[in-house]
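Shown next: start_30.json, given as JSON, C-alpha atoms.
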[["chain", "number", "residue", "atom", "x", "y", "z"],
["I", 92, "ALA", "CA", -20.14, 10.39, 17.61],
["I", 93, "GLN", "CA", -23.00, 9.78, 15.20],
["I", 94, "ASP", "CA", -25.50, 10.71, 17.89],
["I", 95, "ALA", "CA", -23.61, 13.96, 18.55],
["I", 96, "LEU", "CA", -23.72, 14.87, 14.86],
["I", 97, "LYS", "CA", -27.51, 14.46, 14.86],
["I", 98, "ARG", "CA", -28.14, 16.30, 18.12],
["I", 99, "TYR", "CA", -25.70, 19.20, 17.75],
["I", 100, "PRO", "CA", -25.23, 19.86, 14.02],
["I", 101, "ARG", "CA", -24.52, 23.58, 14.62],
["I", 102, "TYR", "CA", -21.96, 23.11, 17.38],
["I", 103, "ASP", "CA", -18.85, 25.23, 16.72],
["I", 104, "ARG", "CA", -16.47, 22.24, 16.95],
["I", 105, "ILE", "CA", -18.75, 19.70, 15.32],
["I", 106, "GLY", "CA", -16.18, 19.42, 12.51],
["I", 107, "GLU", "CA", -13.71, 17.81, 14.92],
["I", 108, "VAL", "CA", -16.31, 15.22, 15.89],
["I", 109, "ARG", "CA", -16.98, 14.49, 12.22],
["I", 110, "ASN", "CA", -13.24, 14.08, 11.52],
["I", 111, "ARG", "CA", -12.84, 11.74, 14.48],
["I", 112, "LEU", "CA", -15.76, 9.63, 13.27],
["I", 113, "ASN", "CA", -14.23, 9.45, 9.79],
["I", 114, "GLU", "CA", -10.96, 8.22, 11.26],
["I", 115, "LEU", "CA", -12.75, 5.53, 13.28],
["I", 116, "GLN", "CA", -14.64, 4.29, 10.22],
["I", 117, "ARG", "CA", -11.75, 4.52, 7.77],
["I", 118, "PRO", "CA", -10.72, 1.13, 6.33],
["I", 119, "ALA", "CA", -7.08, 0.35, 7.02],
["I", 120, "LEU", "CA", -4.49, -2.28, 6.22],
["I", 121, "ALA", "CA", -1.44, -2.73, 8.45],
["I", 122, "TRP", "CA", 1.53, -4.49, 6.88],
["I", 123, "THR", "CA", 5.21, -4.53, 7.71],
["I", 124, "GLY", "CA", 7.67, -6.08, 5.29],
["I", 125, "SER", "CA", 11.41, -6.48, 5.04],
["I", 126, "GLU", "CA", 13.85, -4.10, 3.39],
["I", 127, "VAL", "CA", 15.60, -6.87, 1.44],
["I", 128, "TYR", "CA", 14.29, -9.98, -0.34],
["I", 129, "TYR", "CA", 15.86, -12.78, -2.36],
["I", 130, "PRO", "CA", 14.71, -13.06, -6.01],
["I", 131, "GLN", "CA", 12.11, -15.73, -6.88],
["I", 132, "LYS", "CA", 11.80, -16.79, -3.23],
["I", 133, "GLU", "CA", 8.35, -17.12, -1.67],
["I", 134, "TYR", "CA", 7.55, -15.18, 1.51],
["I", 135, "THR", "CA", 4.61, -14.91, 3.88],
["I", 136, "TRP", "CA", 3.42, -11.39, 4.65],
["I", 137, "LYS", "CA", 1.44, -10.80, 7.85],
["I", 138, "LEU", "CA", -1.60, -8.52, 7.43],
["I", 139, "GLU", "CA", -3.95, -6.75, 9.83],
["I", 140, "TYR", "CA", -7.27, -5.21, 8.73],
["I", 141, "LYS", "CA", -9.63, -2.66, 10.21],
["I", 142, "ASN", "CA", -13.09, -1.81, 8.82],
["I", 143, "ALA", "CA", -12.13, -3.48, 5.55],
["I", 144, "THR", "CA", -13.54, -6.15, 3.26],
["I", 145, "ALA", "CA", -10.84, -5.99, 0.58],
["I", 146, "ALA", "CA", -7.22, -4.94, 0.09],
["I", 147, "GLU", "CA", -4.92, -4.11, -2.78],
["I", 148, "MET", "CA", -1.11, -4.25, -2.90],
["I", 149, "VAL", "CA", 0.73, -3.01, -5.99],
["I", 150, "VAL", "CA", 4.48, -3.60, -6.43],
["I", 151, "TYR", "CA", 6.36, -1.03, -8.54],
["I", 152, "ARG", "CA", 9.82, -1.53, -10.02],
["I", 153, "LEU", "CA", 11.53, 1.83, -9.56],
["I", 154, "ASN", "CA", 13.35, 3.56, -12.40],
["I", 155, "GLU", "CA", 17.03, 4.48, -12.28],
["I", 156, "ASP", "CA", 16.07, 8.15, -11.77],
["I", 157, "PHE", "CA", 14.17, 7.37, -8.55],
["I", 158, "SER", "CA", 15.49, 9.30, -5.54],
["I", 159, "GLU", "CA", 14.23, 8.74, -2.02],
["I", 160, "ASP", "CA", 15.30, 12.26, -1.02],
["I", 161, "ALA", "CA", 13.39, 13.73, -3.97],
["I", 162, "MET", "CA", 10.36, 11.64, -3.02],
["I", 163, "ASN", "CA", 10.41, 12.97, 0.54],
["I", 164, "ARG", "CA", 10.63, 16.55, -0.77],
["I", 165, "SER", "CA", 7.98, 16.06, -3.45],
["I", 166, "LYS", "CA", 4.85, 18.18, -3.03],
["I", 167, "GLN", "CA", 2.76, 15.61, -4.90],
["I", 168, "GLY", "CA", 3.25, 13.01, -2.18],
["I", 169, "ALA", "CA", 5.16, 9.75, -1.99],
["I", 170, "ALA", "CA", 2.50, 7.60, -3.70],
["I", 171, "ALA", "CA", 2.25, 9.87, -6.73],
["I", 172, "TYR", "CA", 6.06, 10.11, -6.97],
["I", 173, "ILE", "CA", 6.37, 6.31, -6.91],
["I", 174, "ARG", "CA", 3.77, 5.94, -9.67],
["I", 175, "GLN", "CA", 5.61, 8.56, -11.74],
["I", 176, "HIS", "CA", 9.06, 7.02, -11.29],
["I", 177, "GLY", "CA", 8.12, 3.33, -11.30],
["I", 178, "LYS", "CA", 6.34, 0.66, -13.29],
["I", 179, "PRO", "CA", 3.74, -1.68, -11.75],
["I", 180, "VAL", "CA", 4.90, -5.30, -12.01],
["I", 181, "GLN", "CA", 2.70, -7.12, -9.49],
["I", 182, "THR", "CA", -0.82, -6.61, -8.16],
["I", 183, "LEU", "CA", -2.12, -8.54, -5.18],
["I", 184, "LYS", "CA", -5.72, -8.48, -3.97],
["I", 185, "PRO", "CA", -5.57, -10.68, -0.88],
["I", 186, "ALA", "CA", -8.68, -11.86, 0.92],
["I", 187, "VAL", "CA", -9.27, -10.41, 4.37],
["I", 188, "GLU", "CA", -7.02, -12.90, 6.12],
["I", 189, "ASP", "CA", -4.01, -12.60, 8.41],
["I", 190, "SER", "CA", -1.38, -13.45, 5.77],
["I", 191, "VAL", "CA", -0.65, -13.64, 2.05],
["I", 192, "ARG", "CA", 1.99, -15.58, 0.10],
["I", 193, "TRP", "CA", 4.21, -13.52, -2.18],
["I", 194, "THR", "CA", 7.07, -14.36, -4.55],
["I", 195, "ALA", "CA", 9.86, -11.80, -4.87],
["I", 196, "PRO", "CA", 10.54, -10.54, -8.44],
["I", 197, "GLU", "CA", 13.92, -10.24, -10.14],
["I", 198, "VAL", "CA", 16.75, -8.18, -8.65],
["I", 199, "GLY", "CA", 16.10, -4.45, -8.48],
["I", 200, "ARG", "CA", 14.72, -1.65, -6.33],
["I", 201, "TYR", "CA", 11.00, -1.64, -5.64],
["I", 202, "ALA", "CA", 8.18, 0.07, -3.79],
["I", 203, "ILE", "CA", 4.84, -1.33, -2.70],
["I", 204, "LEU", "CA", 1.67, 0.76, -2.45],
["I", 205, "TYR", "CA", -1.06, -0.82, -0.37],
["I", 206, "GLY", "CA", -4.41, 0.02, 1.12],
["I", 207, "ALA", "CA", -7.81, -1.30, 2.18],
["I", 208, "SER", "CA", -11.39, -0.63, 1.12],
["I", 209, "THR", "CA", -14.95, -1.61, 1.98],
["I", 210, "SER", "CA", -18.13, -2.10, 0.05],
["I", 211, "GLU", "CA", -19.97, 0.64, 1.94],
["I", 212, "LYS", "CA", -20.36, 3.71, -0.26],
["I", 213, "GLU", "CA", -19.45, 6.23, 2.42],
["I", 214, "ALA", "CA", -16.39, 4.29, 3.51],
["I", 215, "LEU", "CA", -15.20, 3.94, -0.07],
["I", 216, "LYS", "CA", -14.51, 7.65, -0.05],
["I", 217, "LYS", "CA", -12.24, 7.13, 2.95],
["I", 218, "SER", "CA", -10.19, 4.21, 1.60],
["I", 219, "VAL", "CA", -6.46, 4.52, 2.06],
["I", 220, "ASN", "CA", -4.36, 3.57, -0.98],
["I", 221, "ASN", "CA", -1.20, 5.61, -0.50],
["I", 222, "GLN", "CA", 0.65, 3.69, 2.20],
["I", 223, "TYR", "CA", 4.03, 2.59, 0.90],
["I", 224, "GLN", "CA", 7.29, 0.87, 1.67],
["I", 225, "LEU", "CA", 10.55, 0.71, -0.27],
["I", 226, "PHE", "CA", 12.53, -2.50, -0.58],
["I", 227, "ARG", "CA", 15.27, -4.16, -2.63],
["I", 228, "VAL", "CA", 15.60, -7.58, -4.20],
["I", 229, "THR", "CA", 19.17, -8.88, -4.33],
["I", 230, "THR", "CA", 21.16, -12.09, -4.14],
["I", 231, "LEU", "CA", 24.05, -10.44, -2.30],
["I", 232, "MET", "CA", 25.04, -9.85, 1.29],
["I", 233, "THR", "CA", 28.34, -8.86, 2.88],
["I", 234, "MET", "CA", 30.41, -9.52, 5.99],
["I", 235, "GLN", "CA", 33.27, -7.37, 7.23],
["I", 236, "ARG", "CA", 36.32, -7.88, 9.40],
["I", 237, "SER", "CA", 39.43, -5.91, 10.33],
["I", 238, "LEU", "CA", 42.83, -7.20, 9.26],
["I", 239, "PRO", "CA", 45.97, -6.98, 11.42],
["I", 240, "ASP", "CA", 47.58, -4.54, 8.99],
["I", 241, "GLY", "CA", 44.75, -2.03, 9.50],
["I", 242, "ARG", "CA", 42.80, -2.79, 6.34],
["I", 243, "MET", "CA", 39.15, -3.79, 6.27],
["I", 244, "GLU", "CA", 38.18, -6.91, 4.39],
["I", 245, "VAL", "CA", 34.71, -7.25, 2.87],
["I", 246, "ILE", "CA", 33.43, -10.71, 1.98],
["I", 247, "VAL", "CA", 30.58, -10.95, -0.55],
["I", 248, "VAL", "CA", 28.38, -14.05, -0.40],
["I", 249, "ASP", "CA", 25.11, -15.27, -1.85],
["I", 250, "ALA", "CA", 22.43, -14.37, 0.69],
["I", 251, "GLU", "CA", 20.66, -17.72, 0.27],
["I", 252, "SER", "CA", 23.43, -20.30, -0.12],
["I", 253, "GLY", "CA", 26.25, -18.49, 1.68],
["I", 254, "GLN", "CA", 28.62, -19.27, -1.20],
["I", 255, "PRO", "CA", 31.25, -16.61, -2.01],
["I", 256, "VAL", "CA", 30.56, -14.32, -4.98],
["I", 257, "ALA", "CA", 33.52, -13.54, -7.21],
["I", 258, "GLU", "CA", 33.99, -10.35, -9.23],
["I", 259, "ALA", "CA", 31.47, -8.39, -7.20],
["I", 260, "GLU", "CA", 32.20, -4.68, -7.13],
["I", 261, "VAL", "CA", 32.38, -3.26, -3.60],
["I", 262, "THR", "CA", 32.32, 0.50, -3.14],
["I", 263, "ILE", "CA", 33.45, 2.08, 0.12],
["I", 264, "LEU", "CA", 31.50, 5.25, 0.91],
["I", 265, "LYS", "CA", 32.33, 8.04, 3.31],
["I", 266, "GLU", "CA", 29.32, 9.73, 4.91],
["I", 267, "ASP", "CA", 29.24, 13.35, 5.99],
["I", 268, "ARG", "CA", 27.58, 13.35, 9.42],
["I", 269, "ARG", "CA", 26.14, 16.83, 9.00],
["I", 270, "SER", "CA", 24.68, 16.60, 5.51],
["I", 271, "GLY", "CA", 24.19, 12.84, 5.35],
["I", 272, "LEU", "CA", 25.73, 12.82, 1.87],
["I", 273, "ARG", "CA", 27.87, 9.83, 0.88],
["I", 274, "GLU", "CA", 30.96, 10.03, -1.29],
["I", 275, "PRO", "CA", 32.67, 6.99, -2.87],
["I", 276, "ILE", "CA", 36.32, 6.84, -1.85],
["I", 277, "GLU", "CA", 37.45, 3.42, -3.06],
["I", 278, "LYS", "CA", 36.29, 0.48, -5.17],
["I", 279, "GLN", "CA", 37.34, -3.16, -5.02],
["I", 280, "LEU", "CA", 36.54, -6.42, -6.77],
["I", 281, "SER", "CA", 35.95, -9.60, -4.81],
["I", 282, "ASP", "CA", 38.26, -12.50, -5.60],
["I", 283, "ALA", "CA", 37.34, -16.17, -6.07],
["I", 284, "GLU", "CA", 36.68, -16.45, -2.30],
["I", 285, "GLY", "CA", 34.40, -13.42, -2.35],
["I", 286, "ARG", "CA", 36.99, -11.26, -0.56],
["I", 287, "ALA", "CA", 37.48, -7.66, -1.66],
["I", 288, "ARG", "CA", 41.01, -6.36, -1.20],
["I", 289, "PHE", "CA", 40.71, -2.96, -2.74],
["I", 290, "HIS", "CA", 42.10, -3.74, -6.19],
["I", 291, "GLY", "CA", 40.86, -4.52, -9.68],
["I", 292, "ALA", "CA", 39.05, -2.74, -12.48],
["I", 293, "ASN", "CA", 35.47, -1.57, -12.58],
["I", 294, "LEU", "CA", 32.91, -4.21, -13.50],
["I", 295, "GLN", "CA", 29.19, -3.85, -14.14],
["I", 296, "ARG", "CA", 26.97, -6.65, -12.81],
["I", 297, "GLU", "CA", 23.24, -7.24, -13.21],
["I", 298, "ASP", "CA", 22.68, -7.38, -9.46],
["I", 299, "HIS", "CA", 23.76, -4.11, -7.84],
["I", 300, "TRP", "CA", 20.75, -3.67, -5.57],
["I", 301, "MET", "CA", 22.09, -4.67, -2.18],
["I", 302, "PRO", "CA", 21.38, -1.79, 0.26],
["I", 303, "VAL", "CA", 24.20, 0.22, 1.78],
["I", 304, "SER", "CA", 25.50, -1.38, 4.97],
["I", 305, "THR", "CA", 27.54, 0.20, 7.76],
["I", 306, "ALA", "CA", 31.04, -1.14, 8.38],
["I", 307, "PHE", "CA", 33.50, -0.26, 11.14],
["I", 308, "ASN", "CA", 37.20, -0.95, 10.80],
["I", 309, "ASN", "CA", 38.14, -1.94, 14.35],
["I", 310, "THR", "CA", 41.88, -2.15, 13.89],
["I", 311, "PRO", "CA", 43.56, -4.04, 16.77],
["I", 312, "ARG", "CA", 45.76, -1.91, 19.00],
["I", 313, "LEU", "CA", 49.49, -2.55, 19.21],
["I", 314, "GLY", "CA", 50.21, -5.25, 21.74],
["I", 315, "GLU", "CA", 46.61, -6.47, 21.85],
["I", 316, "GLU", "CA", 46.37, -10.27, 22.08],
["I", 317, "GLN", "CA", 45.15, -11.69, 18.78],
["I", 318, "GLN", "CA", 45.18, -15.45, 19.42],
["I", 319, "THR", "CA", 42.72, -17.01, 21.88],
["I", 320, "THR", "CA", 42.51, -20.55, 23.27],
["I", 321, "THR", "CA", 39.10, -22.07, 23.92],
["I", 322, "LEU", "CA", 37.98, -25.30, 25.60],
["I", 323, "ARG", "CA", 34.42, -26.51, 25.02],
["I", 324, "LEU", "CA", 33.01, -29.43, 27.03],
["I", 325, "TYR", "CA", 30.03, -31.64, 26.21],
["I", 326, "THR", "CA", 28.14, -34.21, 28.31],
["I", 327, "ASP", "CA", 26.01, -37.09, 27.10],
["I", 328, "ARG", "CA", 22.91, -35.74, 28.87],
["I", 329, "ALA", "CA", 21.71, -32.70, 30.79],
["I", 330, "ILE", "CA", 20.45, -34.40, 34.00],
["I", 331, "TYR", "CA", 21.77, -37.50, 35.81],
["I", 332, "ARG", "CA", 20.45, -39.74, 38.56],
["I", 333, "PRO", "CA", 22.65, -40.46, 41.59],
["I", 334, "GLY", "CA", 25.26, -43.09, 40.75],
["I", 335, "GLN", "CA", 25.08, -42.70, 36.97],
["I", 336, "THR", "CA", 28.28, -42.43, 34.96],
["I", 337, "VAL", "CA", 28.89, -39.02, 33.41],
["I", 338, "HIS", "CA", 30.52, -39.14, 29.97],
["I", 339, "ILE", "CA", 32.33, -35.95, 29.05],
["I", 340, "GLY", "CA", 33.87, -34.95, 25.74],
["I", 341, "GLY", "CA", 35.49, -31.76, 24.64],
["I", 342, "ILE", "CA", 37.58, -29.92, 22.11],
["I", 343, "ALA", "CA", 40.36, -27.43, 22.67],
["I", 344, "TYR", "CA", 41.38, -25.06, 19.91],
["I", 345, "THR", "CA", 43.17, -21.82, 19.20],
["I", 346, "GLN", "CA", 41.64, -19.09, 17.07],
["I", 347, "GLN", "CA", 43.12, -16.01, 15.44],
["I", 348, "HIS", "CA", 40.54, -13.97, 13.57],
["I", 349, "TRP", "CA", 38.66, -16.57, 11.50],
["I", 350, "ASP", "CA", 41.44, -19.19, 11.48],
["I", 351, "ALA", "CA", 40.97, -21.99, 14.04],
["I", 352, "GLN", "CA", 43.14, -25.01, 14.82],
["I", 353, "ALA", "CA", 42.42, -27.92, 17.17],
["I", 354, "LEU", "CA", 44.98, -28.61, 19.90],
["I", 355, "ALA", "CA", 46.32, -32.18, 20.11],
["I", 356, "ASP", "CA", 47.54, -33.88, 23.33],
["I", 357, "LYS", "CA", 46.47, -30.95, 25.47],
["I", 358, "GLU", "CA", 45.80, -31.78, 29.14],
["I", 359, "TYR", "CA", 43.27, -29.98, 31.34],
["I", 360, "GLU", "CA", 42.22, -30.50, 34.94],
["I", 361, "LEU", "CA", 38.46, -30.90, 35.42],
["I", 362, "ILE", "CA", 37.08, -29.99, 38.85],
["I", 363, "LEU", "CA", 33.49, -30.91, 39.84],
["I", 364, "ARG", "CA", 31.84, -28.84, 42.57],
["I", 365, "ASP", "CA", 28.66, -29.44, 44.53],
["I", 366, "ALA", "CA", 26.37, -26.54, 43.64]]
Now, as a test, write the supplied structure out as structure tokens.
Amino acid sequence: AQDALKRYPRYDRIGEVRNRLNELQRPALAWTGSEVYYPQKEYTWKLEYKNATAAEMVVYRLNEDFSEDAMNRSKQGAAAYIRQHGKPVQTLKPAVEDSVRWTAPEVGRYAILYGASTSEKEALKKSVNNQYQLFRVTTLMTMQRSLPDGRMEVIVVDAESGQPVAEAEVTILKEDRRSGLREPIEKQLSDAEGRARFHGANLQREDHWMPVSTAFNNTPRLGEEQQTTTLRLYTDRAIYRPGQTVHIGGIAYTQQHWDAQALADKEYELILRDA
């Protein structure tokens, strides 16, 4: 490309060649992170560089007035919108290596702006600093299940320990498929076991940054079998030599939803077949 620029500077489409050369020489940083992190936990981010000798990653805590839809519609661009509606709280300048260690900040909604640069003067003009990704920091996660009476139960737990979270406010949203708009239709508070049963008063908590998750209420049909019986067998090893004794153990239990109970004095016939 450089040779073509020297030989044919007056070529009608020489601008396309110059643009292609600029793209090939542009320093770049490739990074893919998660959408959710746990506060004060250390993570390893994988990085990939191209034509770069340095990188910069700036984490912004987003203000309450931040709107992803407004950012996407903004004429000033996503990076400028993030700077306008956020406050920088962390700056990382990792060496040109394949990973960097990072500690998540306190709970909240964040964005990271990142890019790469090089010491060459011409390439400095081409450095990319407006790549971004949005993410949240929260201690919460949820699980859902359908109840026999047709209700949906939401269980709120700590994302790290798995312990139930009491008095967490759970909001059920209804999404319009055409417009994509979501409308709150019901609020619940989780009880001591972290279960939300659609009752209780409103409560404000410091951590309300868990992203919206999709839940389906798969109500069992009338007459559908709810209780299942399971037998699990275990052997003392995976491979045996001819003549060796095979020791077999097992457990039989019934399960209905999340409630399981072992079966005592249950007899089963075990048939061995030559494969």
- Counting all atoms listed in the file, figure out which residue out of I:Gly340, I:Gly206, I:Pro275, I:Gly253 gets nearest to Trp122 (chain I). I:Gly206
- For CA of Asp282 (chain I) and CA of Pro255 (chain I), quote the distance in Å rounded to one decimal. 8.9 Å
- Query: How many Å separate CA of Arg152 (chain I) from CA of Tyr201 (chain I)?
  - Reply: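 Going from CA of Arg152 (chain I) over to CA of Tyr201 (chain I) covers 4.5 Å.
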- Restricting to all atoms listed in the file, whichever of I:Tyr134, I:Tyr331, I:Tyr129, I:Tyr223 is closest to Ala171 (chain I) is I:Tyr223
- Task: Can you work out which one of I:Ala143, I:Ile246, I:Met148, I:Val228 has the shortest atom-to-atom distance to Arg117 (chain I), counting all atoms listed in the file?
- Result: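 Under the stated criterion, the closest residue is I:Ala143.
With all atoms listed in the file as the atoms that count, the minimum distance from Ala145 (chain I) to the choices I:Ala161, I:Ile173, I:Leu354, I:Ala207 is reached by I:Ala207.
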- Message: Distance cut-off 7 Å, centre (32.4, 2.5, -5.4) in file coordinates, counting only C-alpha atoms: which residues qualify? Return them as an NGL selection string.
- Response: :I and (261-264 or 275-278)
Could those selected residues go to a file with C-alpha atoms, as a compact mmCIF listing (two decimals), in the frame of the given file?
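Saved result, again-v7.txt, follows:
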# COMPACT_ATOMS: atom_id res chain seq x y z
CA VAL I 261 32.38 -3.26 -3.60
CA THR I 262 32.32 0.50 -3.14
CA ILE I 263 33.45 2.08 0.12
CA LEU I 264 31.50 5.25 0.91
CA PRO I 275 32.67 6.99 -2.87
CA ILE I 276 36.32 6.84 -1.85
CA GLU I 277 37.45 3.42 -3.06
CA LYS I 278 36.29 0.48 -5.17
- Task: One decimal, Å: what's the distance from CA of Arg200 (chain I) over to CA of Arg269 (chain I), could you say?
- Result: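 So the answer is 26.6 Å.
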